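The next block is target_12.pdb, given as PDB, C-alpha atoms, pLDDT in the B column.
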ATOM      1  CA  MET A   1      -6.358   6.549  14.154  1.00 49.00           C
ATOM      2  CA  LYS A   2      -6.634  10.311  14.069  1.00 52.00           C
ATOM      3  CA  PRO A   3      -9.380  11.683  11.797  1.00 48.00           C
ATOM      4  CA  PHE A   4      -8.476  13.230   8.471  1.00 53.00           C
ATOM      5  CA  ASP A   5      -9.172  16.892   7.929  1.00 51.00           C
ATOM      6  CA  LEU A   6     -11.312  16.442   4.862  1.00 51.00           C
ATOM      7  CA  SER A   7     -13.076  19.768   5.147  1.00 49.00           C
ATOM      8  CA  GLN A   8     -15.007  20.962   2.123  1.00 52.00           C
ATOM      9  CA  ASN A   9     -14.996  17.381   0.840  1.00 72.00           C
ATOM     10  CA  ARG A  10     -11.395  17.665  -0.365  1.00 84.00           C
ATOM     11  CA  PRO A  11      -9.704  14.510  -1.649  1.00 92.00           C
ATOM     12  CA  MET A  12      -7.503  12.506   0.694  1.00 95.00           C
ATOM     13  CA  ARG A  13      -3.840  13.228  -0.117  1.00 96.00           C
ATOM     14  CA  ILE A  14      -1.748  10.108  -0.623  1.00 97.00           C
ATOM     15  CA  ALA A  15       2.048   9.917  -0.784  1.00 98.00           C
ATOM     16  CA  VAL A  16       3.039   6.830  -2.789  1.00 97.00           C
ATOM     17  CA  LEU A  17       6.341   5.016  -2.198  1.00 97.00           C
ATOM     18  CA  ILE A  18       7.674   2.776  -4.969  1.00 95.00           C
ATOM     19  CA  SER A  19      10.691   0.615  -5.765  1.00 93.00           C
ATOM     20  CA  GLY A  20       9.719  -1.405  -8.826  1.00 88.00           C
ATOM     21  CA  THR A  21       7.312  -1.585 -11.739  1.00 90.00           C
ATOM     22  CA  GLY A  22       4.781   0.914 -10.418  1.00 92.00           C
ATOM     23  CA  ARG A  23       1.805  -1.264 -11.358  1.00 93.00           C
ATOM     24  CA  THR A  24       0.011  -0.383  -8.143  1.00 94.00           C
ATOM     25  CA  LEU A  25       0.711   3.317  -8.668  1.00 95.00           C
ATOM     26  CA  ARG A  26      -0.702   3.042 -12.181  1.00 95.00           C
ATOM     27  CA  ASN A  27      -3.840   1.341 -10.846  1.00 95.00           C
ATOM     28  CA  LEU A  28      -4.359   4.046  -8.220  1.00 95.00           C
ATOM     29  CA  LEU A  29      -3.887   6.811 -10.784  1.00 95.00           C
ATOM     30  CA  GLN A  30      -6.490   5.189 -13.011  1.00 95.00           C
ATOM     31  CA  ARG A  31      -8.940   4.912 -10.099  1.00 95.00           C
ATOM     32  CA  VAL A  32      -8.427   8.544  -9.153  1.00 95.00           C
ATOM     33  CA  ALA A  33      -8.861   9.688 -12.770  1.00 94.00           C
ATOM     34  CA  SER A  34     -12.097   7.694 -13.139  1.00 94.00           C
ATOM     35  CA  GLY A  35     -13.550   9.046  -9.903  1.00 91.00           C
ATOM     36  CA  GLN A  36     -13.556   5.635  -8.213  1.00 92.00           C
ATOM     37  CA  LEU A  37     -11.106   6.820  -5.553  1.00 93.00           C
ATOM     38  CA  HIS A  38     -11.630  10.212  -3.897  1.00 92.00           C
ATOM     39  CA  ALA A  39      -7.946  11.022  -3.503  1.00 94.00           C
ATOM     40  CA  GLU A  40      -5.018  12.837  -5.014  1.00 96.00           C
ATOM     41  CA  ILE A  41      -1.320  11.975  -5.124  1.00 97.00           C
ATOM     42  CA  PRO A  42       0.856  15.022  -4.325  1.00 97.00           C
ATOM     43  CA  VAL A  43       4.185  13.170  -4.334  1.00 97.00           C
ATOM     44  CA  VAL A  44       5.789   9.894  -5.382  1.00 97.00           C
ATOM     45  CA  ILE A  45       8.900   8.800  -3.491  1.00 97.00           C
ATOM     46  CA  ALA A  46      11.183   6.179  -5.020  1.00 95.00           C
ATOM     47  CA  SER A  47      13.880   4.134  -3.300  1.00 93.00           C
ATOM     48  CA  THR A  48      15.936   3.797  -6.477  1.00 93.00           C
ATOM     49  CA  PRO A  49      16.356   5.658  -9.782  1.00 92.00           C
ATOM     50  CA  SER A  50      15.834   2.332 -11.578  1.00 91.00           C
ATOM     51  CA  ALA A  51      12.213   2.064 -10.427  1.00 92.00           C
ATOM     52  CA  ARG A  52      10.216   1.588 -13.610  1.00 90.00           C
ATOM     53  CA  GLY A  53       7.169   3.096 -11.948  1.00 91.00           C
ATOM     54  CA  LEU A  54       8.731   6.540 -12.223  1.00 93.00           C
ATOM     55  CA  GLN A  55       7.317   6.733 -15.746  1.00 94.00           C
ATOM     56  CA  TYR A  56       3.733   6.815 -14.404  1.00 94.00           C
ATOM     57  CA  ALA A  57       4.488   9.666 -12.013  1.00 94.00           C
ATOM     58  CA  GLU A  58       6.218  11.612 -14.761  1.00 94.00           C
ATOM     59  CA  LYS A  59       3.332  11.063 -17.179  1.00 94.00           C
ATOM     60  CA  ALA A  60       0.859  12.280 -14.544  1.00 94.00           C
ATOM     61  CA  ALA A  61       3.092  15.299 -13.721  1.00 94.00           C
ATOM     62  CA  ILE A  62       3.371  14.266 -10.074  1.00 96.00           C
ATOM     63  CA  PRO A  63       6.389  15.627  -8.163  1.00 95.00           C
ATOM     64  CA  LEU A  64       9.054  12.939  -7.726  1.00 94.00           C
ATOM     65  CA  THR A  65      11.545  12.486  -4.929  1.00 94.00           C
ATOM     66  CA  MET A  66      14.418   9.986  -4.753  1.00 94.00           C
ATOM     67  CA  VAL A  67      15.439   8.769  -1.289  1.00 95.00           C
ATOM     68  CA  GLU A  68      18.040   5.990  -1.386  1.00 94.00           C
ATOM     69  CA  ARG A  69      18.928   3.923   1.669  1.00 93.00           C
ATOM     70  CA  LYS A  70      22.650   4.035   0.890  1.00 93.00           C
ATOM     71  CA  ASP A  71      22.696   7.777   1.551  1.00 94.00           C
ATOM     72  CA  PHE A  72      21.796   7.366   5.235  1.00 94.00           C
ATOM     73  CA  ALA A  73      23.728   5.948   8.152  1.00 94.00           C
ATOM     74  CA  SER A  74      20.741   4.358   9.846  1.00 93.00           C
ATOM     75  CA  LEU A  75      17.255   3.040   9.176  1.00 92.00           C
ATOM     76  CA  GLY A  76      15.864   5.742  11.423  1.00 92.00           C
ATOM     77  CA  ALA A  77      17.563   8.540   9.472  1.00 94.00           C
ATOM     78  CA  TYR A  78      16.290   7.014   6.228  1.00 94.00           C
ATOM     79  CA  GLY A  79      12.715   6.993   7.504  1.00 93.00           C
ATOM     80  CA  GLU A  80      13.011  10.546   8.807  1.00 95.00           C
ATOM     81  CA  ALA A  81      14.096  11.750   5.361  1.00 96.00           C
ATOM     82  CA  ILE A  82      11.137  10.036   3.695  1.00 97.00           C
ATOM     83  CA  PHE A  83       8.590  11.458   6.103  1.00 97.00           C
ATOM     84  CA  ARG A  84      10.007  14.966   5.756  1.00 97.00           C
ATOM     85  CA  HIS A  85       9.002  14.784   2.098  1.00 97.00           C
ATOM     86  CA  VAL A  86       5.640  13.263   3.040  1.00 97.00           C
ATOM     87  CA  ARG A  87       4.869  16.102   5.444  1.00 97.00           C
ATOM     88  CA  ALA A  88       6.075  18.751   2.996  1.00 97.00           C
ATOM     89  CA  ALA A  89       3.598  17.379   0.441  1.00 97.00           C
ATOM     90  CA  GLY A  90       0.752  17.674   2.940  1.00 96.00           C
ATOM     91  CA  ALA A  91      -0.075  13.980   2.678  1.00 96.00           C
ATOM     92  CA  ASP A  92      -2.725  12.412   4.903  1.00 95.00           C
ATOM     93  CA  LEU A  93      -1.715   8.853   4.163  1.00 97.00           C
ATOM     94  CA  VAL A  94       1.360   6.984   2.919  1.00 97.00           C
ATOM     95  CA  ILE A  95       1.056   4.029   0.556  1.00 96.00           C
ATOM     96  CA  LEU A  96       3.745   1.393   0.095  1.00 95.00           C
ATOM     97  CA  ALA A  97       3.178   0.375  -3.518  1.00 93.00           C
ATOM     98  CA  GLY A  98       5.845  -2.221  -4.180  1.00 88.00           C
ATOM     99  CA  PHE A  99       8.293  -0.425  -1.884  1.00 90.00           C
ATOM    100  CA  PHE A 100      11.011  -2.891  -0.963  1.00 85.00           C
ATOM    101  CA  ARG A 101      12.746  -0.956   1.803  1.00 87.00           C
ATOM    102  CA  ARG A 102      11.876  -1.154   5.449  1.00 87.00           C
ATOM    103  CA  ILE A 103      10.959   2.166   7.065  1.00 91.00           C
ATOM    104  CA  VAL A 104      10.380   3.300  10.632  1.00 91.00           C
ATOM    105  CA  VAL A 105       6.919   4.819  11.077  1.00 93.00           C
ATOM    106  CA  PRO A 106       6.999   8.039  13.146  1.00 94.00           C
ATOM    107  CA  ASP A 107       4.437   8.694  15.862  1.00 93.00           C
ATOM    108  CA  ASP A 108       2.442  11.169  13.782  1.00 94.00           C
ATOM    109  CA  PHE A 109       1.891   8.562  11.051  1.00 95.00           C
ATOM    110  CA  VAL A 110       0.990   5.536  13.173  1.00 93.00           C
ATOM    111  CA  ASN A 111      -1.948   3.814  11.412  1.00 95.00           C
ATOM    112  CA  HIS A 112      -1.494   6.182   8.490  1.00 96.00           C
ATOM    113  CA  VAL A 113       0.870   4.034   6.435  1.00 96.00           C
ATOM    114  CA  VAL A 114      -0.770   1.329   4.341  1.00 97.00           C
ATOM    115  CA  ALA A 115       0.641  -1.588   2.366  1.00 95.00           C
ATOM    116  CA  ILE A 116      -0.669  -4.592   0.480  1.00 95.00           C
ATOM    117  CA  HIS A 117       0.767  -8.088   0.778  1.00 94.00           C
ATOM    118  CA  PRO A 118       0.160 -10.851  -1.809  1.00 95.00           C
ATOM    119  CA  SER A 119      -1.081 -13.483   0.634  1.00 96.00           C
ATOM    120  CA  LEU A 120      -3.605 -13.857   3.425  1.00 97.00           C
ATOM    121  CA  ILE A 121      -1.602 -12.636   6.437  1.00 95.00           C
ATOM    122  CA  PRO A 122      -0.449 -14.276   8.702  1.00 95.00           C
ATOM    123  CA  ALA A 123       0.250 -16.962   6.076  1.00 94.00           C
ATOM    124  CA  PHE A 124       3.329 -16.558   3.838  1.00 94.00           C
ATOM    125  CA  CYS A 125       4.470 -13.262   5.264  1.00 90.00           C
ATOM    126  CA  GLY A 126       7.335 -11.744   7.204  1.00 85.00           C
ATOM    127  CA  ARG A 127      10.934 -11.033   6.365  1.00 84.00           C
ATOM    128  CA  GLY A 128      11.945 -12.391   2.953  1.00 81.00           C
ATOM    129  CA  PHE A 129       8.352 -12.954   1.787  1.00 83.00           C
ATOM    130  CA  TYR A 130       7.652 -10.470  -0.975  1.00 78.00           C
ATOM    131  CA  SER A 131       6.725 -10.438  -4.664  1.00 81.00           C
ATOM    132  CA  HIS A 132       7.243 -13.779  -6.464  1.00 87.00           C
ATOM    133  CA  ARG A 133       8.776 -15.372  -3.351  1.00 92.00           C
ATOM    134  CA  VAL A 134       5.341 -15.387  -1.748  1.00 94.00           C
ATOM    135  CA  HIS A 135       3.725 -17.154  -4.703  1.00 95.00           C
ATOM    136  CA  GLU A 136       6.570 -19.686  -4.906  1.00 96.00           C
ATOM    137  CA  ALA A 137       5.989 -20.550  -1.255  1.00 96.00           C
ATOM    138  CA  VAL A 138       2.225 -20.851  -1.799  1.00 97.00           C
ATOM    139  CA  LEU A 139       2.711 -23.293  -4.684  1.00 97.00           C
ATOM    140  CA  GLU A 140       5.365 -25.288  -2.853  1.00 96.00           C
ATOM    141  CA  TYR A 141       3.157 -25.669   0.223  1.00 97.00           C
ATOM    142  CA  GLY A 142       0.169 -26.813  -1.809  1.00 96.00           C
ATOM    143  CA  VAL A 143      -2.504 -24.641  -0.221  1.00 97.00           C
ATOM    144  CA  LYS A 144      -5.845 -24.317  -1.990  1.00 97.00           C
ATOM    145  CA  VAL A 145      -6.515 -20.644  -1.211  1.00 98.00           C
ATOM    146  CA  THR A 146      -4.294 -17.580  -1.128  1.00 98.00           C
ATOM    147  CA  GLY A 147      -5.141 -13.918  -1.677  1.00 97.00           C
ATOM    148  CA  CYS A 148      -4.058 -10.457  -0.632  1.00 97.00           C
ATOM    149  CA  THR A 149      -4.106  -8.375   2.529  1.00 97.00           C
ATOM    150  CA  VAL A 150      -4.319  -4.594   2.864  1.00 97.00           C
ATOM    151  CA  HIS A 151      -2.932  -3.558   6.241  1.00 96.00           C
ATOM    152  CA  PHE A 152      -1.479  -0.709   8.206  1.00 96.00           C
ATOM    153  CA  ILE A 153       2.238  -1.094   8.714  1.00 93.00           C
ATOM    154  CA  ASP A 154       4.090  -0.876  11.980  1.00 89.00           C
ATOM    155  CA  ASN A 155       7.754  -1.435  12.666  1.00 85.00           C
ATOM    156  CA  GLU A 156       7.656  -5.195  12.135  1.00 83.00           C
ATOM    157  CA  TYR A 157       7.410  -7.062   8.825  1.00 79.00           C
ATOM    158  CA  ASP A 158       3.797  -7.645   7.675  1.00 77.00           C
ATOM    159  CA  HIS A 159       2.532  -7.176  11.214  1.00 85.00           C
ATOM    160  CA  GLY A 160       0.223  -4.152  11.379  1.00 91.00           C
ATOM    161  CA  PRO A 161      -3.584  -4.253  11.757  1.00 96.00           C
ATOM    162  CA  VAL A 162      -5.469  -5.800   8.838  1.00 97.00           C
ATOM    163  CA  ILE A 163      -7.895  -3.528   7.001  1.00 97.00           C
ATOM    164  CA  LEU A 164      -9.189  -5.821   4.279  1.00 97.00           C
ATOM    165  CA  GLN A 165      -8.494  -9.258   2.774  1.00 98.00           C
ATOM    166  CA  MET A 166      -9.607 -10.908  -0.454  1.00 98.00           C
ATOM    167  CA  ASP A 167      -9.123 -14.572  -1.258  1.00 97.00           C
ATOM    168  CA  VAL A 168      -7.873 -16.111  -4.509  1.00 98.00           C
ATOM    169  CA  PRO A 169      -8.149 -19.823  -5.336  1.00 97.00           C
ATOM    170  CA  VAL A 170      -5.003 -21.761  -6.161  1.00 97.00           C
ATOM    171  CA  LEU A 171      -5.897 -23.763  -9.247  1.00 97.00           C
ATOM    172  CA  GLU A 172      -4.654 -27.144 -10.398  1.00 94.00           C
ATOM    173  CA  GLY A 173      -1.828 -26.540 -12.843  1.00 94.00           C
ATOM    174  CA  ASP A 174      -1.135 -22.993 -11.634  1.00 96.00           C
ATOM    175  CA  THR A 175       2.301 -21.636 -12.473  1.00 96.00           C
ATOM    176  CA  LEU A 176       4.132 -18.849 -10.714  1.00 96.00           C
ATOM    177  CA  ASP A 177       3.065 -16.437 -13.474  1.00 96.00           C
ATOM    178  CA  SER A 178      -0.596 -17.470 -13.577  1.00 97.00           C
ATOM    179  CA  LEU A 179      -1.018 -17.305  -9.822  1.00 97.00           C
ATOM    180  CA  GLU A 180       0.809 -13.981  -9.542  1.00 96.00           C
ATOM    181  CA  ALA A 181      -1.377 -12.467 -12.257  1.00 96.00           C
ATOM    182  CA  ARG A 182      -4.603 -13.567 -10.586  1.00 97.00           C
ATOM    183  CA  VAL A 183      -3.506 -12.319  -7.160  1.00 97.00           C
ATOM    184  CA  PHE A 184      -2.417  -8.971  -8.606  1.00 96.00           C
ATOM    185  CA  ALA A 185      -5.786  -8.562 -10.334  1.00 97.00           C
ATOM    186  CA  THR A 186      -7.389  -8.987  -6.918  1.00 97.00           C
ATOM    187  CA  GLU A 187      -4.940  -6.496  -5.382  1.00 96.00           C
ATOM    188  CA  CYS A 188      -6.115  -3.945  -7.962  1.00 96.00           C
ATOM    189  CA  GLU A 189      -9.599  -4.214  -6.440  1.00 96.00           C
ATOM    190  CA  ALA A 190      -8.646  -4.582  -2.776  1.00 97.00           C
ATOM    191  CA  PHE A 191      -6.208  -1.686  -2.406  1.00 96.00           C
ATOM    192  CA  PRO A 192      -8.461   1.075  -3.822  1.00 95.00           C
ATOM    193  CA  LYS A 193     -11.422  -0.336  -1.888  1.00 96.00           C
ATOM    194  CA  ALA A 194      -9.508  -0.113   1.403  1.00 97.00           C
ATOM    195  CA  LEU A 195      -8.277   3.395   0.596  1.00 96.00           C
ATOM    196  CA  GLU A 196     -11.767   4.574  -0.231  1.00 94.00           C
ATOM    197  CA  LEU A 197     -13.018   3.254   3.123  1.00 95.00           C
ATOM    198  CA  ILE A 198     -10.311   5.326   4.819  1.00 95.00           C
ATOM    199  CA  ALA A 199     -11.131   8.373   2.685  1.00 92.00           C
ATOM    200  CA  GLU A 200     -14.778   8.043   3.719  1.00 91.00           C
ATOM    201  CA  GLY A 201     -13.775   8.135   7.398  1.00 91.00           C
ATOM    202  CA  ARG A 202     -15.182   4.658   8.013  1.00 93.00           C
ATOM    203  CA  VAL A 203     -11.979   3.013   9.316  1.00 95.00           C
ATOM    204  CA  SER A 204     -10.969   2.978  12.981  1.00 94.00           C
ATOM    205  CA  VAL A 205      -8.279   0.996  14.796  1.00 94.00           C
ATOM    206  CA  GLU A 206      -8.651  -0.488  18.260  1.00 92.00           C
ATOM    207  CA  GLY A 207      -5.534  -2.407  19.220  1.00 88.00           C
ATOM    208  CA  ARG A 208      -5.031  -4.959  16.463  1.00 90.00           C
ATOM    209  CA  ARG A 209      -8.603  -4.753  15.241  1.00 93.00           C
ATOM    210  CA  VAL A 210      -9.688  -2.559  12.362  1.00 95.00           C
ATOM    211  CA  LYS A 211     -13.368  -1.664  12.441  1.00 95.00           C
ATOM    212  CA  ILE A 212     -15.281  -0.607   9.329  1.00 94.00           C
ATOM    213  CA  ALA A 213     -18.310   1.585   9.985  1.00 93.00           C
ATOM    214  CA  PRO A 214     -21.406   1.055   7.817  1.00 91.00           C
ATOM    215  CA  ALA A 215     -21.805   3.294   4.799  1.00 85.00           C
ATOM    216  CA  PRO A 216     -23.953   6.343   5.550  1.00 81.00           C
ATOM    217  CA  PRO A 217     -27.415   6.377   3.950  1.00 80.00           C
ATOM    218  CA  PRO A 218     -27.574   8.174   0.595  1.00 75.00           C
ATOM    219  CA  LYS A 219     -28.596  11.822   0.785  1.00 69.00           C
TER
END

Rewrite the structure from the file as structure tokens, please.
Amino acid sequence: MKPFDLSQNRPMRIAVLISGTGRTLRNLLQRVASGQLHAEIPVVIASTPSARGLQYAEKAAIPLTMVERKDFASLGAYGEAIFRHVRAAGADLVILAGFFRRIVVPDDFVNHVVAIHPSLIPAFCGRGFYSHRVHEAVLEYGVKVTGCTVHFIDNEYDHGPVILQMDVPVLEGDTLDSLEARVFATECEAFPKALELIAEGRVSVEGRRVKIAPAPPPK
């Protein structure tokens, strides 16, 4: 992946794409505000005006853009419109934070678009596996461990190189709600951790492998 121009120790600029509740956006905003994530969010792009997460962008006074799939004749044109807004905002990285539309990643953003999936990829992933459908499948299958995966996205479902994974036990008597809540709590740790590794310049991609460089010694 190309290096970020983080001259003068400026924060990494993240464009956040949302479709739903905005819980991940809220978590990232809290991490940025507390200094746990060295980043800033110059734009939030929503796929629908009904996205409840818009309230968090509005409260934080972040510029909002609406890009709806129905307004474009093709998937490619839809993606081009989104990335025009991303580039205009000067974003280094794009985050899919509960964004339920497929997008085509342009060449200049290969390995610069990051998503989180609520399972340990390659288990319970791919087309149709998102949100509560993943947890339903986990419970139906009877596995003992699930978790979450932070990964770069490419132009296939849940297929890009894996940056970081965290496991979550599936407990006896788990319900859809209890399992979802525990996985999401883990996502709230995993996603900012992966983003901070990228912001620190410690992440590189070689083929399908993501390598994490050791932390530099304290000055």

Response to the item:
Restricting to all atoms listed in the file, whichever of A:Ala46, A:Lys211, A:Arg31, A:Val104 is closest to Tyr157 in chain A is A:Val104

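In this comparison, which uses all atoms listed in the file, the residue of A:Leu139, A:Ile14, A:Ala51, A:Ile116 approaching Thr186 in chain A most closely is A:Ile116.
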
Practice prompt. Just the residues within 9 Å of Phe191 in chain A, please, counting only C-alpha atoms, with nothing from its chain fewer than 5 positions along; format it as a PyMOL selection string.
Written response: chain A and resi 24+28+115-116+149-150+164+186+196

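Computed from the coordinates, the CA of His151 in chain A to CA of Ile163 in chain A distance equals 5.0 Å.
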
Discussion item. Which residues are near range 58-65 of chain A? Cut-off 12 Å, only C-alpha atoms, ignore same chain within fewer than 6 positions. Put them as a PyMOL selection string.
Written reply: chain A and resi 14-19+22+25-26+28-30+32-33+40-49+51-52+81-86+88-89

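Closest to Gly126 in chain A among A:Glu187, A:Glu68, A:Asp174, A:Asp158 is A:Asp158, based on all atoms listed in the file.
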
Worksheet entry | Straight-line distance linking CA of Leu37 in chain A with CA of Phe100 in chain A, stated in Å to one decimal | 24.6 Å

Worksheet entry | Neighbour list for Glu200 in chain A as an NGL selection string, cut-off 9 Å, only C-alpha atoms, skip fewer than 3 positions in-chain | :A and (38 or 195-197 or 203 or 215)

Worksheet item: Distance CA of Ala190 in chain A-CA of Arg209 in chain A, one decimal place?
Response: 18.0 Å

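Using only C-alpha atoms, the nearest neighbour of Ala97 in chain A within the list A:Leu171, A:Leu179, A:Val145, A:Cys188 is A:Cys188.
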
Do a neighbour search on range 129-136 of chain A at 12 Å with only C-alpha atoms, toss out local chain neighbours closer than 2 positions, and write the hits as a short mmCIF file (atom, residue, chain, number, x, y, z; two decimals) with C-alpha atoms, in the coordinates of the input.
data_model
loop_
_atom_site.label_atom_id
_atom_site.label_comp_id
_atom_site.auth_asym_id
_atom_site.auth_seq_id
_atom_site.Cartn_x
_atom_site.Cartn_y
_atom_site.Cartn_z
CA SER A 19 10.69 0.62 -5.76
CA GLY A 20 9.72 -1.40 -8.83
CA THR A 21 7.31 -1.58 -11.74
CA ALA A 97 3.18 0.38 -3.52
CA GLY A 98 5.84 -2.22 -4.18
CA PHE A 99 8.29 -0.42 -1.88
CA PHE A 100 11.01 -2.89 -0.96
CA ARG A 101 12.75 -0.96 1.80
CA ALA A 115 0.64 -1.59 2.37
CA ILE A 116 -0.67 -4.59 0.48
CA HIS A 117 0.77 -8.09 0.78
CA PRO A 118 0.16 -10.85 -1.81
CA SER A 119 -1.08 -13.48 0.63
CA LEU A 120 -3.60 -13.86 3.42
CA ILE A 121 -1.60 -12.64 6.44
CA PRO A 122 -0.45 -14.28 8.70
CA ALA A 123 0.25 -16.96 6.08
CA PHE A 124 3.33 -16.56 3.84
CA CYS A 125 4.47 -13.26 5.26
CA GLY A 126 7.34 -11.74 7.20
CA ARG A 127 10.93 -11.03 6.36
CA VAL A 138 2.22 -20.85 -1.80
CA LEU A 139 2.71 -23.29 -4.68
CA GLU A 140 5.36 -25.29 -2.85
CA TYR A 141 3.16 -25.67 0.22
CA GLY A 142 0.17 -26.81 -1.81
CA VAL A 143 -2.50 -24.64 -0.22
CA VAL A 145 -6.52 -20.64 -1.21
CA THR A 146 -4.29 -17.58 -1.13
CA GLY A 147 -5.14 -13.92 -1.68
CA CYS A 148 -4.06 -10.46 -0.63
CA TYR A 157 7.41 -7.06 8.82
CA ASP A 158 3.80 -7.64 7.68
CA VAL A 168 -7.87 -16.11 -4.51
CA VAL A 170 -5.00 -21.76 -6.16
CA ASP A 174 -1.14 -22.99 -11.63
CA THR A 175 2.30 -21.64 -12.47
CA LEU A 176 4.13 -18.85 -10.71
CA ASP A 177 3.06 -16.44 -13.47
CA SER A 178 -0.60 -17.47 -13.58
CA LEU A 179 -1.02 -17.30 -9.82
CA GLU A 180 0.81 -13.98 -9.54
CA ALA A 181 -1.38 -12.47 -12.26
CA ARG A 182 -4.60 -13.57 -10.59
CA VAL A 183 -3.51 -12.32 -7.16
CA PHE A 184 -2.42 -8.97 -8.61
#

Box along x, y and z, 8 Å on every side, all listed atoms of range 95-111 of chain A inside: centre and edge lengths in Å to one decimal, as AutoDock Vina command-line options.
--center_x 5.4 --center_y 4.1 --center_z 5.8 --size_x 30.7 --size_y 30.1 --size_z 36.0

Discussion item. As a VMD selection string, please: the residues near Ala199 in chain A (cut-off 10 Å, all atoms listed in the file, same-chain neighbours under 2 positions excluded).
Written reply: chain A and resid 3 to 4 6 9 to 13 37 to 39 92 to 93 193 to 197 201 to 203

What does the PyMOL selection byres ((chain A and resi 78) around 10) select in this file, as a compact mmCIF listing (two decimals) with C-alpha atoms, in the coordinates of the input?
# COMPACT_ATOMS: atom_id res chain seq x y z
CA VAL A 67 15.44 8.77 -1.29
CA GLU A 68 18.04 5.99 -1.39
CA ARG A 69 18.93 3.92 1.67
CA LYS A 70 22.65 4.04 0.89
CA ASP A 71 22.70 7.78 1.55
CA PHE A 72 21.80 7.37 5.24
CA ALA A 73 23.73 5.95 8.15
CA SER A 74 20.74 4.36 9.85
CA LEU A 75 17.26 3.04 9.18
CA GLY A 76 15.86 5.74 11.42
CA ALA A 77 17.56 8.54 9.47
CA GLY A 79 12.72 6.99 7.50
CA GLU A 80 13.01 10.55 8.81
CA ALA A 81 14.10 11.75 5.36
CA ILE A 82 11.14 10.04 3.70
CA PHE A 83 8.59 11.46 6.10
CA ARG A 101 12.75 -0.96 1.80
CA ARG A 102 11.88 -1.15 5.45
CA ILE A 103 10.96 2.17 7.06
CA VAL A 104 10.38 3.30 10.63

Worksheet item: Using all atoms listed in the file, which of A:Ala185, A:Asp167, A:Ser50, A:Gly207 sits nearest Val110 in chain A?
Response: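 Between A:Ala185, A:Asp167, A:Ser50, A:Gly207, the residue approaching Val110 in chain A most closely is A:Gly207.
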
Item to complete: Name the closest residue to Tyr56 in chain A among the candidates A:Arg23, A:Pro161, A:Asp108, A:Gly90; distances are taken between atoms, counting all atoms listed in the file.
Response: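 The answer is A:Arg23, which sits nearest to Tyr56 in chain A.
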